[in-house]
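A.B. asks: Quick one: structure below, then a few questions.
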Amino acid sequence: MYDRLMNRIQELDSRSVALVGSGGAGVVTVGNLLLEAAAADGSYGLMRRSAGPQIRGGESAALLRFADMPVECAGDYYHLVIAFDWRHAERFIDEIPLAASSCVLHDPAGGDVPEPIVQSGARLIPVEMQTQAKEIEYGRANMIALGLVSSITGLKLETISKTVSRSLSTKGENVVAGACACIERGAKMGRSLDIELPMPIAQGGTEDRWTITGNQACGLGALKGGVRFVAGYPITPASEMLEWLAPRLARTGGCLIQAEDELASVNMILGASYGGVPAMTVTSGPGMALMTEGIGLAVASETPIVVIDVMRGGPSTGIPTKSEQTDLNIALYGMHGEAPHVVVAPVSIPDSVFTLQWAVNLAESLQTAVIVLSDQLLAQSRVIVNRPPDIGFITRRVTAQAGVENYRRYALTADGVSAMAIPGTIDMSYTADGLEHDERGTPSTGSRDHLQQLEKRAGKLIGFDYGDHWADVEGDGTIAVVTWGSCTGAVKEAIRRAGEQGVPVRLIALRLLAPLCTQQLNQALEGVRRVLVVEQTFSRQFYHYLRSQVDLPKFTESLARPGPSPLSPGEITAMLLVGEA
Amino acid sequence: MYDRLMNRIQELDSRSVALVGSGGAGVVTVGNLLLEAAAADGSYGLMRRSAGPQIRGGESAALLRFADMPVECAGDYYHLVIAFDWRHAERFIDEIPLAASSCVLHDPAGGDVPEPIVQSGARLIPVEMQTQAKEIEYGRANMIALGLVSSITGLKLETISKTVSRSLSTKGENVVAGACACIERGAKMGRSLDIELPMPIAQGGTEDRWTITGNQACGLGALKGGVRFVAGYPITPASEMLEWLAPRLARTGGCLIQAEDELASVNMILGASYGGVPAMTVTSGPGMALMTEGIGLAVASETPIVVIDVMRGGPSTGIPTKSEQTDLNIALYGMHGEAPHVVVAPVSIPDSVFTLQWAVNLAESLQTAVIVLSDQLLAQSRVIVNRPPDIGFITRRVTAQAGVENYRRYALTADGVSAMAIPGTIDMSYTADGLEHDERGTPSTGSRDHLQQLEKRAGKLIGFDYGDHWADVEGDGTIAVVTWGSCTGAVKEAIRRAGEQGVPVRLIALRLLAPLCTQQLNQALEGVRRVLVVEQTFSRQFYHYLRSQVDLPKFTESLARPGPSPLSPGEITAMLLVGEA
Amino acid sequence: MNPLPGKSQPKDYKSDVKPVWCPGCGDFGVLNAITKALASLRLPPEQVALISGIGCSSRVPAYTNVYGFHGIHGRALALGAGLKAARPDLHVVVAGGDGDGFSIGGNHFLHACRRNMDMTYIVMDNEVYGMTKGQASPTTAPDWTESELTPSGTHARPFQPAAIALAAGATFIARAFSGKPNLLAQMMVLAMQHPGFAFIQVLSPCPTFRPEQKEWKNIVRPFAVDALPTSDPALAALHCQRDDGMSTGVIYVEARPVWRRSNMQEIAIEDIEQEFRL
Amino acid sequence: MNPLPGKSQPKDYKSDVKPVWCPGCGDFGVLNAITKALASLRLPPEQVALISGIGCSSRVPAYTNVYGFHGIHGRALALGAGLKAARPDLHVVVAGGDGDGFSIGGNHFLHACRRNMDMTYIVMDNEVYGMTKGQASPTTAPDWTESELTPSGTHARPFQPAAIALAAGATFIARAFSGKPNLLAQMMVLAMQHPGFAFIQVLSPCPTFRPEQKEWKNIVRPFAVDALPTSDPALAALHCQRDDGMSTGVIYVEARPVWRRSNMQEIAIEDIEQEFRL
Ligand SMILES: Cc1ncc(C[n+]2csc(CCOP(=O)(O)OP(=O)(O)O)c2C)c(N)n1
Ligand SMILES: Cc1ncc(C[n+]2csc(CCOP(=O)(O)OP(=O)(O)O)c2C)c(N)n1
Ligand code: SF4
Ligand code: SF4
Ligand SMILES: [Mg+2]
Ligand SMILES: [Mg+2]
């Protein structure tokens, strides 16, 4: 179905491989091994996971893309699909677009090929993986598949074997031997298939490349930013970040508490931060909903906290295992009363390191709540990237030193930030309060105190110098795409492709969502006659948010689609080229 | 300070009286008695309460205004102030604007008159209330004050005595006698003061007039709308509505549960509504923050509920006893994921009866969550009004009857509303779910089901015919004020005054805030060259919301001020007349 | 509640939705027991509501053919309480996991016990968060270090469901094992017949994240005391404390008035409106 | 914690903020007792943090001159736990009301008891919501009908703070009366010295909404049993159950390891980054 488009839009020279299966087929294991082996051979890559609701044995897909440069999004379609079986295929088939040139290797033991796959016109090749694996001691079908892919893509068998041996070493020699035998068998089968899909190999050594997930990248950024206390409650797809952080905080002088719920999480980090320790919590939509009262307290009491919301499909419990950007509204507006705070979002997986470091810095500098919006797509995808640059933010909380006369915790200052006395500081005790208060912190119902403190809390955010970090702005031309978060990768590729078609397009990928840098945004939009706003929501939350604060050009379009399928670079390119080229 | 303005802007023929005092001075008691007596004499009136943080004995003010037509807002300034003492005057002095023509009767025993009052140029008259009261057995200073006001305003002594006797009857004969003696003494003192401020008396009998607070009016509307289950957790300024409802639900076949917290409240009403009983909860900002997860479940599971948020000053615990419109954002956007729902707000105290009845009707008809935004100003003010008209909504929930083959709870229908089987209906059992689901209700992670159900839940709200109720639209001219909620009263008066100055202004007071009826709004704005958006917030929440969805005329201004002082008709009029007349 | 006139087989209470549960999950046994109990009570499916929160165990309503509500995490008891208060004619059963009920939902558990509404609460306790892939729950032993979230254990005393229920005021308290669905079904029948808040803690293994729980079938045994069930809270407390948490049986039964709606004389709304007249 | 070297008077721990409390409110006595206890322990004010929620009683931090955080309703214990975990060097005292602690905050109470962090929790129990003008709280008798919100009573068994704390795992449990600030101060000293989670339920009358509580001074008396305090949970449970809730004294003391942070070998962030290299 994408073929018509493809005639005009040159895709990035990349290889997209989808592995699908259910019932403990080990799809994700193969995906990871494939990613690692390709990385070792010199490719860049990205692996997205798409899982069903089952805890074990449910259907799942490992969706990979390889290129000779860092991969920031899925491609328009998959070149190669390996299917162990088709159970519950209807649940994810829409997430695996195919072209007529695609190849689908499917195990006949896994059932009939579903209609939409047949319709796609892709080449269907039955390959017995199950039966072959059974013939080998400790054999498993997923390792046969790994062999198939390796020969089709020309991966070095040696690298594969090394990767597999390392990763399965804890499972015992027999398992490793069985796996290697399967890989060899698969590779042989693959060679006989007459499909060639050589892996794009990048120049240069792999020493400075990392393999990292978005959840890990956020966790690392938080650690680098100085977070030393985390409280959290498990929730998909955020738990993995907590699990990554727990032992690492314990090893860096910090501490993580698994709280009884999200109400406790957010209040625990408020307590820790009040004690002077940079603190963070991590959750997803439902937990976010439970935290807004606490976030409001952080704003009112001017206690720095960082809250990461790893977004998933909503509303309500929604689709816990799949991605969406639909918590934008609650992040921007979810607090009662006037609760000005900061909202940031990483524009890619490696950027999560920077964005989190910055988020901690902003929370501490501005003594407010900073909400970070990640999503399942960023969080649970794993990439091969160049080591993210080390940007040494100095986290600075303005603290009050002992001996200040007549200390006023909430003093009105030029920049709106007032010195915070950390418990332990002699003679500086005060009571932090979520009631409206005067400069000292004493509760006040007076309209003057209210207005002054409202102005203080809002003013400190507006007046702050966010530097260049507010957005990634690239390119020129009279068309601009304004986007954010996990859509940025696909947008970037679309812009590159449009450029190749002679249509230059500017990128404005917001990293700072609130407060909105309206002046900088207007400046970035200067000379732009057409704007495309790209986001993964249903109700165009981002588009409406921009409208609410900025006068967009008359010719402004919105490209919004809910999850779970990520927006593809092809559909964005198509939209950009309409009427232009 | 308002005198200059007053030269141009003719105020409504009204009398504004402020009673202030602390330490159990009984300010609110006198205010209520005064309101009742004036009502009995034929006046319309409104009494607003402004209280400090103390539970007992704190400073408080009863702020009254009388006219010969229904009063919907405070005046620009107070004609008469009676002050028992000035303790904590700084906390509310901004809420009592004075003119040079104002009279301030203050008890010298209550301390020095505060500087801002002296500055106002108002006439200051020391009157011994405390000492006079002490001379009378069972005498109280507040009853002396009542006598003072009655003679100054020409209230019938007979009415006052009757009102007082009835209201104090439970306290015993001695108390009543003491009160009456005080009133007589005060009246005598008042006559010697040479101040005249005759009460405006309305035409016609008082048989069809009501005295009601906003909290009561909401409660009544909910009962009339069919609500028969309420769960709630006490919170200022909403508790009084729960307290009003509890015995009355018990007497109308319903039931109210005091829940352990707001998380329980909202989930309890979900359970009740799932059981087929129209259900509601009542809270204020902090409780609202705790309810958003439950509201999202109502949206996703399509379970009708009504949630009233009686707004108070925010953020966080904020100013519990005072008014603000700053929960607009959380009401519109506070849910995670895409959770389309309905937000309505009464435009006056008597309109609360209608709006609540409508809210219940919308929740039931649309099978969704309806949030009602009231505020402390509406909720805790008491008015004398004409009996609100009886609009007989027939609440209609589409229910599934026994015997439907292959019942699909979330079937895709033309209007997006699907029949709900009520437990007890034979052979129609289904499981309601907050997970994304297919038409049957079975959880689904598929993108097609997700999109279809997102469209269903949003579409049913967009396609619904809200009739004329979406807004109160009045007048014509090329200027329009767009406003909502408790600001409407002051806006209406400002429009009347502007009209008297030859500047016709349209009123657009939204009752339906979400979904925004953009088409109707655009229509109402046809021919308008200038728009003034009026609201009681700090960050112009309403203005930004309108912008996010509608192209407002270039010449659009925003008049926004946070609480606690309500916007005055005078300041709105002034803004309207700038450059016009 | 009118019992069904005709047939009543466990399978009549099962739906055609296939459980998402892992092979060997203890929750299959609980589902079986629920359908057995309903069949043995001959309850018409449409007069029963099965309410749950979020978790593997909380998926149970859709697998039955009674009315169900799969709510949000931790709020099942509140959902059930609202339904029961509004529809006293229904038979309300609330079910869920140890995380749902004792961690995020702990407060509602306390207040449900206090309130003593006439309903049944079944907690499938696997001492782990199954759905979110294996973190410690309140009932997890403090030295369990298999979750990376608590790499050196929880450092917290395990939650004692029966003891807390007792202190909070539940009037029927029992412990059971999902591996014995017949016994469990019998206990559920007692619980559902009990007038008031009946709580059953069901030890329900999670072979995926707590493979060692496969041993439970060899460890659980009935309470070795004749004194149980008792209506003496002191005695019940004593036995709860002395037990290792692996004894099964009904522990405590108390006859306390069940929660009921206020019964006041009915009036019309028009009468209420009178109070606003001047 | 280093005790103060020099002077240490209760007044040194008072701030100049005037309480919003009504005349005769029991919370004055609790405030006095807190300052007395701090003075007698000679704790440097800057090493003490007093954390609270929302309610009349929760206003207490600002009336002292130690570090304070007046948080949101029901979350004081979570706030305190986060502070203590992040700053184990501080002396953390959490205070609030019966509504704050047992109604909306009930879950945190359960888990704070389980966790056994080294902190003190003081609940000023007046069996009513004072701040919101007189509604029933979890400890209110079921037949109290003075609130219009529950016109025929709550229909729920009162929450038993000591029994719940015991079942949940608190390691120091006591009941006291605000009308005896010296005794209360002594008890607070014991609680603050106790290593672990120490809970004191202070009967603290609300003369405004529960005028009958003025009688409490004639009703409260020390527990009439020599056995208390005990470290036997069964015995403690027994005495909690037998008591009418008006006996005062330390009920239960247990030596259980206090919650502590995981102690793992320290490494640098650069070392952590190594794991991402190919
Ligand atoms: C508010 C909220 N927080 C967290 C989650 C994530 N979550 C889903 S199920 C679950 C725990 C499940 O554990 P349990 O109740 O013991 O059920 P089990 O899966 O073990 O049967 C959690 C934390 C959620 N859905 N909502
Ligand atoms: C989330 C939330 N819900 C409700 C309230 C309103 N509220 C304030 S204090 C209070 C109860 C106070 O009772 P208690 O804790 O017993 O303290 P007391 O005033 O009796 O000392 C309530 C319900 C609130 N502030 N926040
Ligand atoms: S993860 Fe555990 S509890 Fe969940 S379905 Fe699997 S075995 Fe059952
Ligand atoms: S209302 Fe009661 S608890 Fe609150 S300050 Fe007054 S007496 Fe104390
Ligand atoms: Mg569990
Ligand atoms: Mg209380």
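Labels used: A, B, ... for chains in the order of the structure tokens, numbers from 1 for residues in each chain, and numbers from 1 for ligands as shown.
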Identify, with DSSP run on backbone atoms, the residues in region 404-527 of chain A assigned to strand (DSSP E or B), and express the list as a ChimeraX atom specification.

C.D. replies: /A:420,431-433,435,437,443,471-474,479-484,505-510,512-514

A.B. asks: I need the contact residues of chain A against chain C, so if you could list those with any atom within 9 Å, counting only C-alpha atoms, and return them as a list in words, that would help.

C.D. replies: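 That gives the following set of residues: Pro53, Gln54, Ile55, Arg56, Gly57, Gly58, Pro234, Ile235, Thr236, Pro237, Ser239, Glu240, Leu242, Glu243, Trp244, Leu245, Ala246, Pro247, Leu256, Ile257, Gln258, Ala259, Glu260, Asp261, Glu262, Leu263, Pro286, Ser316 and Thr317 of chain A.
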
A.B. asks: What are the residues of chain D that have an atom within 10 Å of an atom of chain C, counting only C-alpha atoms, as a ChimeraX atom specification?

C.D. replies: /D:102-117,138,142,150-170,233-242,256-264

A.B. asks: Show me, as a tab-separated table, the residues of chain B having an atom within 12 Å of ligand 1, each with the closest atom pair and its distance in Å, using only C-alpha atoms and all ligand atoms.

C.D. replies:
residue	atom	partner	partner_atom_place_in_ligand_line	distance
B:Leu263	CA	ligand 1	1 (C)	11.0
B:Leu290	CA	ligand 1	1 (C)	11.2
B:Met291	CA	ligand 1	1 (C)	11.7
B:Thr292	CA	ligand 1	1 (C)	11.1
B:Glu293	CA	ligand 1	1 (C)	7.8
B:Gly294	CA	ligand 1	1 (C)	10.1
B:Gly296	CA	ligand 1	1 (C)	11.6
B:Leu297	CA	ligand 1	26 (N)	11.3
B:His336	CA	ligand 1	1 (C)	11.2
B:Gly434	CA	ligand 1	25 (N)	10.1
B:Leu435	CA	ligand 1	25 (N)	9.6

A.B. asks: Would you mind writing down, as a PyMOL selection string, each residue of region 164-272 of chain D that DSSP on the backbone assigns to helix (DSSP H, G or I)?

C.D. replies: chain D and resi 164-168+181-193+211-219+233-242+269-272

A.B. asks: Please report as JSON, numbers by chain which residues of chain A come no farther than 6 Å from chain B, using only C-alpha atoms.

C.D. replies: {"A": [91, 285, 289, 290, 292, 293, 296, 297, 314, 315, 316, 317, 318, 319, 326, 327, 329, 330, 333, 334, 335, 336, 337, 338, 339, 434, 435, 436, 445, 446, 447, 544, 547, 548, 564]}

A.B. asks: Residues within 7 Å of region 140-155 of chain A, please, as a PyMOL selection string. Count only C-alpha atoms; anything in the same chain fewer than 6 positions from it doesn't count.

C.D. replies: chain A and resi 25-27+30+38+129-130+133+179+182-187+189-191+195-199

A.B. asks: Quick one: residues within 8 Å of region 184-194 of chain D, only C-alpha atoms, excluding same-chain residues fewer than 6 positions away - as a ChimeraX atom specification?

C.D. replies: /D:30,33-34,36-38,40-41,118-120,172,174,176-178,200,249-250

A.B. asks: Would you write out those residues with C-alpha atoms, as an mmCIF file, in the first residue's frame?

C.D. replies:
data_model
loop_
_atom_site.group_PDB
_atom_site.id
_atom_site.type_symbol
_atom_site.label_atom_id
_atom_site.label_comp_id
_atom_site.auth_asym_id
_atom_site.auth_seq_id
_atom_site.Cartn_x
_atom_site.Cartn_y
_atom_site.Cartn_z
ATOM 1 C CA VAL D 30 -0.439 18.952 72.357
ATOM 2 C CA ALA D 33 3.666 18.874 75.113
ATOM 3 C CA ILE D 34 5.644 18.862 71.867
ATOM 4 C CA LYS D 36 8.204 20.309 76.386
ATOM 5 C CA ALA D 37 9.341 17.022 74.917
ATOM 6 C CA LEU D 38 11.766 18.711 72.547
ATOM 7 C CA SER D 40 13.560 17.820 77.629
ATOM 8 C CA LEU D 41 15.381 15.966 74.844
ATOM 9 C CA ASP D 118 12.480 5.812 62.814
ATOM 10 C CA MET D 119 9.933 8.550 63.315
ATOM 11 C CA THR D 120 7.128 9.662 65.598
ATOM 12 C CA PHE D 172 5.610 1.746 69.681
ATOM 13 C CA ALA D 174 0.529 4.669 73.024
ATOM 14 C CA ALA D 176 -2.575 9.912 75.773
ATOM 15 C CA PHE D 177 -4.737 12.891 76.672
ATOM 16 C CA SER D 178 -3.991 16.452 75.648
ATOM 17 C CA ILE D 200 0.707 8.208 69.854
ATOM 18 C CA GLY D 249 -0.450 4.835 78.543
ATOM 19 C CA VAL D 250 2.132 3.112 76.432
#

A.B. asks: Return the single residue from D:Val225, D:Cys25, D:Ala49, D:Val253 that is closest to ligand 6, with distances computed using only C-alpha atoms and all ligand atoms.

C.D. replies: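 Nearest candidate to ligand 6 out of D:Val225, D:Cys25, D:Ala49, D:Val253: D:Cys25.
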
A.B. asks: Nearest to ligand 2: which of D:Thr139, D:Gln9, D:Ser52, D:Asn126 is it, counting only C-alpha atoms and all ligand atoms?

C.D. replies: D:Asn126

A.B. asks: I'd like to know which of B:Ser120, B:Thr283, B:Gln452, B:Ser365 is closest to ligand 2, using only C-alpha atoms and all ligand atoms.

C.D. replies: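 Smallest separation from ligand 2 among the options: B:Thr283.
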
A.B. asks: Could you name the residues that touch Ser101 (chain A) at 10 Å or less, counting only C-alpha atoms, but leaving out those on the same chain fewer than 2 positions away, as a list in words?

C.D. replies: Asp3, Tyr77, Tyr78, His79, Leu80, Leu98, Ala99, Cys103, Val104, Ser120, Gly121, Ala122 and Arg123 of chain A

A.B. asks: Convert the current residue selection to file output with all heavy atoms, as a CSV table (one decimal), in the first residue's frame.

C.D. replies:
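What follows is the written file again_26.csv:
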chain,number,residue,atom,x,y,z
A,3,ASP,N,3.5,1.5,-1.7
A,3,ASP,CA,4.4,1.5,-2.9
A,3,ASP,C,4.2,2.7,-3.8
A,3,ASP,O,5.2,3.3,-4.3
A,3,ASP,CB,4.1,0.2,-3.7
A,3,ASP,CG,4.7,-1.0,-3.1
A,3,ASP,OD1,5.8,-0.8,-2.5
A,3,ASP,OD2,4.1,-2.0,-3.1
A,77,TYR,N,7.6,0.9,6.1
A,77,TYR,CA,7.1,-0.4,6.0
A,77,TYR,C,8.2,-1.4,6.4
A,77,TYR,O,9.3,-1.0,6.5
A,77,TYR,CB,6.5,-0.7,4.6
A,77,TYR,CG,7.6,-0.7,3.5
A,77,TYR,CD1,8.2,-1.9,3.1
A,77,TYR,CD2,8.1,0.5,3.0
A,77,TYR,CE1,9.2,-1.9,2.1
A,77,TYR,CE2,9.0,0.5,2.0
A,77,TYR,CZ,9.6,-0.7,1.6
A,77,TYR,OH,10.6,-0.7,0.7
A,78,TYR,N,7.8,-2.6,6.5
A,78,TYR,CA,8.8,-3.6,6.9
A,78,TYR,C,9.3,-4.4,5.7
A,78,TYR,O,8.5,-4.9,4.9
A,78,TYR,CB,8.2,-4.6,8.0
A,78,TYR,CG,8.2,-3.8,9.3
A,78,TYR,CD1,7.2,-2.9,9.6
A,78,TYR,CD2,9.3,-3.8,10.2
A,78,TYR,CE1,7.2,-2.1,10.7
A,78,TYR,CE2,9.3,-3.1,11.3
A,78,TYR,CZ,8.3,-2.2,11.6
A,78,TYR,OH,8.3,-1.4,12.7
A,79,HIS,N,10.6,-4.6,5.5
A,79,HIS,CA,11.1,-5.3,4.4
A,79,HIS,C,11.0,-6.8,4.7
A,79,HIS,O,10.7,-7.6,3.8
A,79,HIS,CB,12.6,-5.0,4.3
A,79,HIS,CG,12.9,-3.6,4.0
A,79,HIS,ND1,13.2,-2.7,5.0
A,79,HIS,CD2,12.9,-2.8,2.9
A,79,HIS,CE1,13.4,-1.5,4.5
A,79,HIS,NE2,13.2,-1.5,3.2
A,80,LEU,N,11.1,-7.2,5.9
A,80,LEU,CA,11.1,-8.6,6.2
A,80,LEU,C,10.3,-8.8,7.5
A,80,LEU,O,10.5,-8.1,8.5
A,80,LEU,CB,12.6,-9.0,6.5
A,80,LEU,CG,12.8,-10.5,6.9
A,80,LEU,CD1,12.5,-11.4,5.7
A,80,LEU,CD2,14.3,-10.7,7.3
A,98,LEU,N,3.2,-3.2,5.3
A,98,LEU,CA,4.0,-4.0,4.3
A,98,LEU,C,3.9,-3.3,3.0
A,98,LEU,O,3.0,-2.6,2.6
A,98,LEU,CB,3.5,-5.4,4.3
A,98,LEU,CG,3.6,-6.2,5.6
A,98,LEU,CD1,3.0,-7.6,5.4
A,98,LEU,CD2,5.1,-6.3,6.0
A,99,ALA,N,5.0,-3.6,2.2
A,99,ALA,CA,4.9,-3.2,0.8
A,99,ALA,C,4.9,-4.4,-0.1
A,99,ALA,O,5.1,-5.6,0.4
A,99,ALA,CB,6.2,-2.3,0.4
A,103,CYS,N,9.0,-9.2,2.3
A,103,CYS,CA,9.0,-10.7,2.4
A,103,CYS,C,8.4,-11.1,3.7
A,103,CYS,O,8.9,-10.6,4.7
A,103,CYS,CB,10.4,-11.2,2.3
A,103,CYS,SG,11.1,-11.1,0.6
A,104,VAL,N,7.6,-12.1,3.7
A,104,VAL,CA,7.0,-12.6,5.0
A,104,VAL,C,7.4,-14.1,5.1
A,104,VAL,O,6.9,-14.9,4.3
A,104,VAL,CB,5.5,-12.4,5.0
A,104,VAL,CG1,4.9,-13.0,6.3
A,104,VAL,CG2,5.1,-10.9,4.9
A,120,SER,N,-1.6,-7.4,1.2
A,120,SER,CA,-0.6,-6.4,1.0
A,120,SER,C,0.3,-6.7,-0.2
A,120,SER,O,1.0,-5.9,-0.7
A,120,SER,CB,0.4,-6.4,2.2
A,120,SER,OG,1.1,-7.6,2.2
A,121,GLY,N,0.1,-7.9,-0.7
A,121,GLY,CA,0.9,-8.3,-1.9
A,121,GLY,C,2.3,-8.7,-1.6
A,121,GLY,O,3.1,-9.0,-2.5
A,122,ALA,N,2.7,-8.7,-0.4
A,122,ALA,CA,4.0,-9.1,0.0
A,122,ALA,C,4.3,-10.6,-0.4
A,122,ALA,O,3.3,-11.4,-0.5
A,122,ALA,CB,4.3,-8.9,1.5
A,123,ARG,N,5.6,-10.9,-0.6
A,123,ARG,CA,5.9,-12.3,-0.9
A,123,ARG,C,5.8,-13.1,0.3
A,123,ARG,O,6.4,-12.8,1.4
A,123,ARG,CB,7.4,-12.2,-1.4
A,123,ARG,CG,7.8,-13.4,-2.2
A,123,ARG,CD,9.2,-13.2,-2.8
A,123,ARG,NE,9.9,-14.4,-2.7
A,123,ARG,CZ,11.2,-14.5,-2.7
A,123,ARG,NH1,12.0,-13.4,-2.8
A,123,ARG,NH2,11.9,-15.6,-2.6
